[in-house]
Amino acid sequence: MSYTQQFLDYLHFQKRFSEHTLLAYSKDLSLFEEFIREEFEEEDLREVHHSMIRSWVVHMVEQNLARTSIKRKLSALRSFYKYLLRQGQVKSNVAAQIAVPKPPRKLLRVVPEEDMLALLSLEVDEEDYWMYTQSLILDLFYQCGLRLSELINLRLEDLRLESSYIKVMGKGSKEREIPINSELKKRLNFYLKRHRAGFGEQSHAAPVFLTQKGKKLYPKLVYNSVNAYLSLVSGVDQKSPHVLRHSFASHLLNRGADLNSVKELLGHSSLAATQVYTHNSIDRLKLLYNQAHPRAAKSDDI
């Protein structure tokens with residue numbers, strides 16, 4: 001009886017594994033045996049070296065196998081060699097330290113600057129409460145990098161318009177101050193006097209933005225609004241408030257903003273969280289370089 005079959009019998013009779021799990025383990029181990037035999041001409045699994053297992057993992061990655069499937073197969077292999085180790089058939093578990101490679105980092109979805117400028121330049125009926133409110137919300141998301149929850153929970157007392165900034169309560173009850181430009185300040189003042197005042201509740205703790213019925217905004221309503229507006233100008237496949245936050249950070253970095261400053265504006269607790277945006281900025285710099293530099297076409301190092 002092969003060691004593989006002994007292992008499967010152990011799982012069946014002693015560990016009481018289900019038939020489904022036993023079938024999966026059997027298939028995974030058979031595939032591994034086949035790979036080792038074809039690639040390394042090795043018939044005895046006790047002679048397998050960890051580098052052979054790494055080769056198998058690389059092979060599966062190249063075959064575009066899902067990471068979950070690779071992890072499951074490695075789990076089966078670790079259990080098998082753990083069993084062989086207990087039986088005294090191998091000196092170590094050669095699969096123990098093998099890890100599934102991390103997937104390549106995906107670039108964050110970002111709305112192009114020209115699309116954002118076009119969107120914020122759309123004509124708005126200033127007398128239409130909801131149209132004006134949606135446009136202002138969009139502007140705040142993009143100019144201040146707010147999270148969805150931060151915008152919904154923005155209070156009247158958080159608007160420090162006389163000092164040209166807003167106060168935001170972020171994750172972990174961490175406050176931060178975000179500067180606003182004169183145009184956004186003007187729009188907020190108009191909203192407060194022309195629209196928000198009509199709802200009556202003006203206590204300092206009252207929410208800044210309300211629905212058309214005078215209720216506090218809720219996430220789905222804001223998400224749908226942003227999605228609808230972004231659909232007018234942008235081809236990005238994700239059209240959410242968080243994409244506007246990504247765009248805020250990426251566009252600042254593209255234009256030379258300091259990474260630490262962007263970190264503070266976003267309310268990140270560590271610089272590592274902000275550094276994900278540098279990948280987008282580097283790609284943008286590469287594109288600009290290749291478009292503008294006379295030697296770019298001959299450079300292979302970019």
# chains A, B, ... in the order shown; residues from 1 in each chain; ligands from 1
call {"tool": "residues_around", "arguments": {"residues": "Ala76 (chain A)", "least_positions_apart": "5", "cutoff": "8 Å", "atoms": "only C-alpha atoms", "output": "NGL selection string"}}
result
:A and (25 or 28-29)
call {"tool": "residues_around", "arguments": {"residues": "Leu108 (chain A)", "least_positions_apart": "6", "cutoff": "12 Å", "atoms": "only C-alpha atoms", "output": "PDB file with N, CA and C atoms, in the first residue's frame"}}
result
ATOM      1  N   VAL A 236     -14.574  54.387 -15.511  1.00  0.00           N
ATOM      2  CA  VAL A 236     -14.061  53.483 -14.485  1.00  0.00           C
ATOM      3  C   VAL A 236     -15.158  52.514 -14.081  1.00  0.00           C
ATOM      4  N   ASP A 237     -14.770  51.253 -13.833  1.00  0.00           N
ATOM      5  CA  ASP A 237     -15.777  50.240 -13.542  1.00  0.00           C
ATOM      6  C   ASP A 237     -16.338  50.341 -12.133  1.00  0.00           C
ATOM      7  N   GLN A 238     -15.633  51.041 -11.245  1.00  0.00           N
ATOM      8  CA  GLN A 238     -16.150  51.258  -9.896  1.00  0.00           C
ATOM      9  C   GLN A 238     -16.489  52.733  -9.740  1.00  0.00           C
ATOM     10  N   HIS A 242     -15.774  56.007  -2.447  1.00  0.00           N
ATOM     11  CA  HIS A 242     -14.386  55.691  -2.120  1.00  0.00           C
ATOM     12  C   HIS A 242     -13.470  55.896  -3.323  1.00  0.00           C
ATOM     13  N   VAL A 243     -13.995  55.750  -4.532  1.00  0.00           N
ATOM     14  CA  VAL A 243     -13.203  56.022  -5.730  1.00  0.00           C
ATOM     15  C   VAL A 243     -12.854  57.505  -5.785  1.00  0.00           C
ATOM     16  N   LEU A 244     -13.756  58.346  -5.317  1.00  0.00           N
ATOM     17  CA  LEU A 244     -13.473  59.785  -5.263  1.00  0.00           C
ATOM     18  C   LEU A 244     -12.383  60.069  -4.238  1.00  0.00           C
ATOM     19  N   ARG A 245     -12.390  59.323  -3.151  1.00  0.00           N
ATOM     20  CA  ARG A 245     -11.334  59.461  -2.138  1.00  0.00           C
ATOM     21  C   ARG A 245      -9.987  59.036  -2.734  1.00  0.00           C
ATOM     22  N   HIS A 246      -9.986  57.925  -3.473  1.00  0.00           N
ATOM     23  CA  HIS A 246      -8.767  57.486  -4.160  1.00  0.00           C
ATOM     24  C   HIS A 246      -8.284  58.570  -5.130  1.00  0.00           C
ATOM     25  N   SER A 247      -9.225  59.140  -5.863  1.00  0.00           N
ATOM     26  CA  SER A 247      -8.879  60.154  -6.866  1.00  0.00           C
ATOM     27  C   SER A 247      -8.294  61.391  -6.196  1.00  0.00           C
ATOM     28  N   PHE A 248      -8.884  61.794  -5.085  1.00  0.00           N
ATOM     29  CA  PHE A 248      -8.379  62.927  -4.304  1.00  0.00           C
ATOM     30  C   PHE A 248      -6.904  62.739  -3.966  1.00  0.00           C
ATOM     31  N   ALA A 249      -6.571  61.571  -3.405  1.00  0.00           N
ATOM     32  CA  ALA A 249      -5.196  61.308  -2.979  1.00  0.00           C
ATOM     33  C   ALA A 249      -4.249  61.185  -4.165  1.00  0.00           C
ATOM     34  N   SER A 250      -4.669  60.452  -5.175  1.00  0.00           N
ATOM     35  CA  SER A 250      -3.799  60.221  -6.333  1.00  0.00           C
ATOM     36  C   SER A 250      -3.515  61.506  -7.092  1.00  0.00           C
ATOM     37  N   THR A 274      -1.062  55.031   3.181  1.00  0.00           N
ATOM     38  CA  THR A 274      -1.086  56.078   2.158  1.00  0.00           C
ATOM     39  C   THR A 274      -0.209  55.723   0.965  1.00  0.00           C
ATOM     40  N   GLN A 275       0.802  54.909   1.194  1.00  0.00           N
ATOM     41  CA  GLN A 275       1.761  54.599   0.136  1.00  0.00           C
ATOM     42  C   GLN A 275       1.159  53.824  -1.027  1.00  0.00           C
ATOM     43  N   VAL A 276      -0.022  53.209  -0.818  1.00  0.00           N
ATOM     44  CA  VAL A 276      -0.653  52.485  -1.928  1.00  0.00           C
ATOM     45  C   VAL A 276      -0.950  53.433  -3.085  1.00  0.00           C
ATOM     46  N   TYR A 277      -1.125  54.711  -2.781  1.00  0.00           N
ATOM     47  CA  TYR A 277      -1.446  55.681  -3.830  1.00  0.00           C
ATOM     48  C   TYR A 277      -0.224  56.048  -4.664  1.00  0.00           C
ATOM     49  N   THR A 278       0.962  55.782  -4.140  1.00  0.00           N
ATOM     50  CA  THR A 278       2.159  56.135  -4.904  1.00  0.00           C
ATOM     51  C   THR A 278       2.305  55.276  -6.141  1.00  0.00           C
ATOM     52  N   HIS A 279       1.740  54.067  -6.122  1.00  0.00           N
ATOM     53  CA  HIS A 279       1.821  53.204  -7.302  1.00  0.00           C
ATOM     54  C   HIS A 279       1.117  53.859  -8.480  1.00  0.00           C
ATOM     55  N   ASN A 280      -0.069  54.444  -8.211  1.00  0.00           N
ATOM     56  CA  ASN A 280      -0.772  55.156  -9.268  1.00  0.00           C
ATOM     57  C   ASN A 280       0.028  56.360  -9.744  1.00  0.00           C
ATOM     58  N   SER A 281       0.646  57.057  -8.805  1.00  0.00           N
ATOM     59  CA  SER A 281       1.401  58.256  -9.152  1.00  0.00           C
ATOM     60  C   SER A 281       2.635  57.918  -9.975  1.00  0.00           C
ATOM     61  N   ASP A 283       2.991  55.326 -11.954  1.00  0.00           N
ATOM     62  CA  ASP A 283       2.527  54.973 -13.289  1.00  0.00           C
ATOM     63  C   ASP A 283       2.216  56.225 -14.105  1.00  0.00           C
TER      64      ASP A 283
END
call {"tool": "closest_residue", "arguments": {"among": "A:Phe40, A:Tyr218, A:Tyr229, A:Phe80", "to": "Leu8 (chain A)", "atoms": "only C-alpha atoms"}}
result
A:Phe80
call {"tool": "select_by_dssp", "arguments": {"residues": "region 24-64 of chain A", "states": "alpha helix (DSSP H)", "output": "PyMOL selection string"}}
result
chain A and resi 24-40+50-62
